[in-house]
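**Q** The file below is final.cif, mmCIF, C-alpha atoms, pLDDT in the B column; chains and numbers go by the auth columns:
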```
data_my_file
loop_
_atom_site.group_PDB
_atom_site.id
_atom_site.type_symbol
_atom_site.label_atom_id
_atom_site.label_comp_id
_atom_site.label_asym_id
_atom_site.label_seq_id
_atom_site.Cartn_x
_atom_site.Cartn_y
_atom_site.Cartn_z
_atom_site.B_iso_or_equiv
_atom_site.auth_seq_id
_atom_site.auth_asym_id
ATOM 1 C CA MET A 1 31.696 8.084 17.817 76.00 25 A
ATOM 2 C CA ILE A 2 33.553 11.067 19.232 81.00 26 A
ATOM 3 C CA ILE A 3 35.626 11.403 16.053 78.00 27 A
ATOM 4 C CA VAL A 4 32.483 11.477 13.875 82.00 28 A
ATOM 5 C CA GLY A 5 30.974 14.155 16.113 86.00 29 A
ATOM 6 C CA MET A 6 34.147 16.222 15.866 84.00 30 A
ATOM 7 C CA GLU A 7 34.180 15.858 12.066 82.00 31 A
ATOM 8 C CA ILE A 8 30.568 17.032 11.827 87.00 32 A
ATOM 9 C CA PHE A 9 31.244 19.962 14.151 90.00 33 A
ATOM 10 C CA MET A 10 34.367 21.028 12.269 84.00 34 A
ATOM 11 C CA GLY A 11 32.533 20.691 8.952 82.00 35 A
ATOM 12 C CA ALA A 12 29.751 22.941 10.262 88.00 36 A
ATOM 13 C CA VAL A 13 32.305 25.479 11.481 88.00 37 A
ATOM 14 C CA GLY A 14 34.015 25.388 8.078 81.00 38 A
ATOM 15 C CA ILE A 15 30.765 25.946 6.188 81.00 39 A
ATOM 16 C CA ALA A 16 29.799 28.807 8.525 86.00 40 A
ATOM 17 C CA THR A 17 33.228 30.351 7.935 82.00 41 A
ATOM 18 C CA LEU A 18 32.754 30.101 4.171 77.00 42 A
ATOM 19 C CA PHE A 19 29.371 31.821 4.391 79.00 43 A
ATOM 20 C CA LEU A 20 30.876 34.586 6.526 82.00 44 A
ATOM 21 C CA GLY A 21 33.594 34.968 3.913 77.00 45 A
ATOM 22 C CA GLY A 22 30.859 35.257 1.283 75.00 46 A
ATOM 23 C CA LEU A 23 29.239 38.049 3.287 79.00 47 A
ATOM 24 C CA SER A 24 32.578 39.840 3.402 78.00 48 A
ATOM 25 C CA VAL A 25 32.960 39.502 -0.373 73.00 49 A
ATOM 26 C CA MET A 26 29.427 40.826 -0.848 76.00 50 A
ATOM 27 C CA ASN A 27 30.149 43.854 1.349 79.00 51 A
ATOM 28 C CA VAL A 28 33.392 44.578 -0.484 77.00 52 A
ATOM 29 C CA MET A 29 31.597 44.393 -3.824 74.00 53 A
ATOM 30 C CA LEU A 30 28.788 46.660 -2.590 78.00 54 A
ATOM 31 C CA VAL A 31 31.343 49.245 -1.488 80.00 55 A
ATOM 32 C CA SER A 32 33.228 48.833 -4.755 75.00 56 A
ATOM 33 C CA VAL A 33 30.081 49.439 -6.801 75.00 57 A
ATOM 34 C CA ARG A 34 29.065 52.456 -4.711 79.00 58 A
ATOM 35 C CA GLU A 35 32.524 54.021 -4.834 82.00 59 A
ATOM 36 C CA ARG A 36 32.814 53.488 -8.581 81.00 60 A
ATOM 37 C CA THR A 37 29.361 54.729 -9.550 82.00 61 A
ATOM 38 C CA ARG A 38 30.880 57.630 -11.455 86.00 62 A
ATOM 39 C CA GLU A 39 33.232 55.305 -13.348 85.00 63 A
ATOM 40 C CA ILE A 40 30.306 53.037 -14.224 83.00 64 A
ATOM 41 C CA GLY A 41 28.361 56.050 -15.496 85.00 65 A
ATOM 42 C CA VAL A 42 31.268 57.180 -17.677 88.00 66 A
ATOM 43 C CA ARG A 43 31.695 53.668 -19.092 87.00 67 A
ATOM 44 C CA MET A 44 27.983 53.457 -19.888 87.00 68 A
ATOM 45 C CA ALA A 45 28.095 56.907 -21.521 90.00 69 A
ATOM 46 C CA LEU A 46 30.947 55.681 -23.713 90.00 70 A
ATOM 47 C CA GLY A 47 28.899 52.701 -24.827 90.00 71 A
ATOM 48 C CA ALA A 48 29.640 49.958 -22.324 87.00 72 A
ATOM 49 C CA THR A 49 26.800 47.521 -21.806 88.00 73 A
ATOM 50 C CA ARG A 50 25.462 46.393 -18.444 85.00 74 A
ATOM 51 C CA LYS A 51 26.779 42.935 -19.288 87.00 75 A
ATOM 52 C CA SER A 52 30.361 44.172 -19.751 88.00 76 A
ATOM 53 C CA ILE A 53 30.255 46.148 -16.494 83.00 77 A
ATOM 54 C CA LEU A 54 28.834 43.160 -14.631 81.00 78 A
ATOM 55 C CA ARG A 55 31.513 40.964 -16.198 85.00 79 A
ATOM 56 C CA GLN A 56 34.221 43.334 -14.917 83.00 80 A
ATOM 57 C CA PHE A 57 32.953 43.208 -11.328 78.00 81 A
ATOM 58 C CA PHE A 58 32.430 39.467 -11.591 80.00 82 A
ATOM 59 C CA MET A 59 36.018 38.944 -12.790 84.00 83 A
ATOM 60 C CA GLU A 60 37.335 41.163 -9.982 81.00 84 A
ATOM 61 C CA THR A 61 35.415 39.055 -7.473 77.00 85 A
ATOM 62 C CA ILE A 62 36.738 35.813 -8.935 81.00 86 A
ATOM 63 C CA PHE A 63 40.304 37.164 -8.785 84.00 87 A
ATOM 64 C CA VAL A 64 40.006 38.282 -5.147 79.00 88 A
ATOM 65 C CA VAL A 65 38.343 35.040 -4.055 78.00 89 A
ATOM 66 C CA SER A 66 40.813 32.850 -5.960 81.00 90 A
ATOM 67 C CA LEU A 67 43.719 34.661 -4.385 85.00 91 A
ATOM 68 C CA SER A 68 42.313 34.544 -0.864 81.00 92 A
ATOM 69 C CA GLY A 69 41.070 30.941 -1.207 80.00 93 A
ATOM 70 C CA GLY A 70 44.421 29.811 -2.591 84.00 94 A
ATOM 71 C CA VAL A 71 46.326 31.505 0.213 88.00 95 A
ATOM 72 C CA GLY A 72 43.972 29.973 2.781 84.00 96 A
ATOM 73 C CA LEU A 73 44.369 26.508 1.291 85.00 97 A
ATOM 74 C CA VAL A 74 48.172 26.756 1.201 89.00 98 A
ATOM 75 C CA LEU A 75 48.277 28.083 4.783 91.00 99 A
ATOM 76 C CA SER A 76 46.030 25.314 6.064 87.00 100 A
ATOM 77 C CA TYR A 77 48.047 22.549 4.389 88.00 101 A
ATOM 78 C CA GLY A 78 51.257 24.215 5.606 91.00 102 A
ATOM 79 C CA PHE A 79 49.918 24.377 9.157 90.00 103 A
ATOM 80 C CA CYS A 80 49.003 20.696 9.035 87.00 104 A
ATOM 81 C CA ALA A 81 52.488 19.844 7.771 89.00 105 A
ATOM 82 C CA LEU A 82 54.118 21.884 10.557 90.00 106 A
ATOM 83 C CA VAL A 83 52.003 20.209 13.242 87.00 107 A
ATOM 84 C CA ASN A 84 52.904 16.796 11.816 86.00 108 A
ATOM 85 C CA LEU A 85 56.608 17.639 12.290 88.00 109 A
ATOM 86 C CA LEU A 86 56.117 17.902 16.059 86.00 110 A
ATOM 87 C CA PRO A 87 56.574 14.820 18.253 87.00 111 A
ATOM 88 C CA MET A 88 53.196 13.101 18.564 82.00 112 A
ATOM 89 C CA PRO A 89 51.742 11.129 21.437 83.00 113 A
ATOM 90 C CA PRO A 90 51.207 7.446 20.646 81.00 114 A
ATOM 91 C CA PHE A 91 47.425 7.783 20.185 79.00 115 A
ATOM 92 C CA PHE A 92 47.580 10.773 17.788 79.00 116 A
ATOM 93 C CA THR A 93 48.430 10.127 14.147 77.00 117 A
ATOM 94 C CA GLY A 94 48.825 13.782 13.220 78.00 118 A
ATOM 95 C CA MET A 95 46.721 16.145 11.166 79.00 119 A
ATOM 96 C CA LEU A 96 45.536 14.327 8.088 78.00 120 A
ATOM 97 C CA THR A 97 44.815 16.279 4.924 78.00 121 A
ATOM 98 C CA ASN A 98 42.277 15.244 2.347 79.00 122 A
ATOM 99 C CA TRP A 99 42.242 16.681 -1.168 81.00 123 A
ATOM 100 C CA ARG A 100 38.493 16.007 -1.474 84.00 124 A
ATOM 101 C CA ILE A 101 37.735 18.279 1.463 80.00 125 A
ATOM 102 C CA GLY A 102 40.025 20.939 -0.012 80.00 126 A
ATOM 103 C CA ALA A 103 38.304 20.673 -3.392 79.00 127 A
ATOM 104 C CA MET A 104 34.871 20.845 -1.768 81.00 128 A
ATOM 105 C CA SER A 105 35.943 23.934 0.198 79.00 129 A
ATOM 106 C CA VAL A 106 37.196 25.646 -2.945 78.00 130 A
ATOM 107 C CA PHE A 107 33.953 24.751 -4.767 80.00 131 A
ATOM 108 C CA LEU A 108 31.797 26.122 -1.928 80.00 132 A
ATOM 109 C CA LEU A 109 33.923 29.264 -1.747 79.00 133 A
ATOM 110 C CA ALA A 110 33.544 29.796 -5.502 79.00 134 A
ATOM 111 C CA LEU A 111 29.782 29.257 -5.345 82.00 135 A
ATOM 112 C CA ILE A 112 29.328 31.647 -2.438 79.00 136 A
ATOM 113 C CA ALA A 113 31.577 34.219 -4.111 77.00 137 A
ATOM 114 C CA MET A 114 29.600 34.053 -7.361 77.00 138 A
ATOM 115 C CA LEU A 115 26.342 34.572 -5.510 78.00 139 A
ATOM 116 C CA SER A 116 27.915 37.399 -3.525 73.00 140 A
ATOM 117 C CA ALA A 117 29.219 39.047 -6.694 71.00 141 A
ATOM 118 C CA LEU A 118 25.757 39.039 -8.228 72.00 142 A
ATOM 119 C CA TYR A 119 24.072 40.680 -5.224 67.00 143 A
ATOM 120 C CA PRO A 120 25.337 44.257 -5.796 61.00 144 A
ATOM 121 C CA ARG A 121 23.647 44.184 -9.195 58.00 145 A
ATOM 122 C CA THR A 122 20.277 43.539 -7.613 54.00 146 A
ATOM 123 C CA ALA A 123 20.777 45.727 -4.544 52.00 147 A
ATOM 124 C CA PRO A 124 18.503 48.755 -4.240 54.00 148 A
ATOM 125 C CA PRO A 125 20.180 52.128 -4.875 54.00 149 A
ATOM 126 C CA PRO A 126 21.261 54.117 -1.799 52.00 150 A
#
```
Could you render the structure as structure tokens?

**A**
Amino acid sequence: MIIVGMEIFMGAVGIATLFLGGLSVMNVMLVSVRERTREIGVRMALGATRKSILRQFFMETIFVVSLSGGVGLVLSYGFCALVNLLPMPPFFTGMLTNWRIGAMSVFLLALIAMLSALYPRTAPPP
């Protein structure tokens, strides 16, 4: 019973952390769009479509999120492996890793990042 409660709590903390990460991505993309307004204007004057500009920012977001999500995943699995090297008390089996939870985390991170990348397009001008 206690273990199930801890799993639910840690899952909720993980999801909240992912949403906070999505807010950070959204803020970075808003700043990126605002700082590069002149570049966007020049690209549009040279014939770039809104779709190609949106695709560029979307690809930048995917790159940043993939890099940060990958580093986070590697660090978390590495931390679990390091903890499992320590001597354990008899009632503790160590930190178990589950690839399904990792895949779900990466999927949620990608979904939140995609939604965050689309927000600057719909944001009102300053």

**Q** Given all atoms listed in the file as the basis, pick out the residue of A:Ile125, A:Met119, A:Met53, A:Val37 nearest to Ile86 (chain A).

**A**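 Among the listed residues, the smallest separation from Ile86 (chain A) belongs to A:Met53.
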
**Q** What is the distance, in Å and to one decimal place, between CA of Thr61 (chain A) and CA of Leu142 (chain A)?

**A**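 Straight-line distance from CA of Thr61 (chain A) to CA of Leu142 (chain A) works out to 16.2 Å.
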
**Q** Output the residue selection produced by the PyMOL selection byres ((chain A and resi 118) around 12) on the file above, formatted as a ChimeraX atom specification.

**A** /A:103-117,119-121

**Q** Quote the spacing between CA of Ile64 (chain A) and CA of Ile77 (chain A) in Å to one decimal place.

**A** 7.3 Å

**Q** Quick one: of A:Leu135, A:Ala72, A:Met128, A:Val66, who's nearest to Val89 (chain A), counting all atoms listed in the file?

**A**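 With all atoms listed in the file as the atom set, the closest residue is A:Leu135.
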
**Q** Report, in Å with one decimal, the straight-line distance from CA of Gly102 (chain A) to CA of Leu42 (chain A).

**A** 19.5 Å

**Q** Would you list the contacts of region 122-124 of chain A as a list in words, taking every protein, DNA or RNA residue within 12 Å and counting only C-alpha atoms, but skipping same-chain residues closer than 4 positions in sequence?

**A** Leu97, Val98, Ser100, Tyr101, Cys104, Met128, Ser129, Val130 and Phe131 of chain A

**Q** What lies within 10 Å of Arg74 (chain A) using all atoms listed in the file, ignoring chain neighbours under 5 positions off, as a ChimeraX atom specification?

**A** /A:64,67-68,79-80,145

**Q** Kindly indicate which residue among A:Met30, A:Thr41, A:Val88, A:Ala36 lies nearest to Ala137 (chain A), using all atoms listed in the file for the distances.

**A**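 Smallest separation from Ala137 (chain A) among the options: A:Val88.
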
**Q** Residues picked by the PyMOL selection byres ((chain A and resi 83-85) around 12) here, as number ranges by chain?

**A** A: 46, 48-54, 56-57, 75-82, 86-93, 133-144
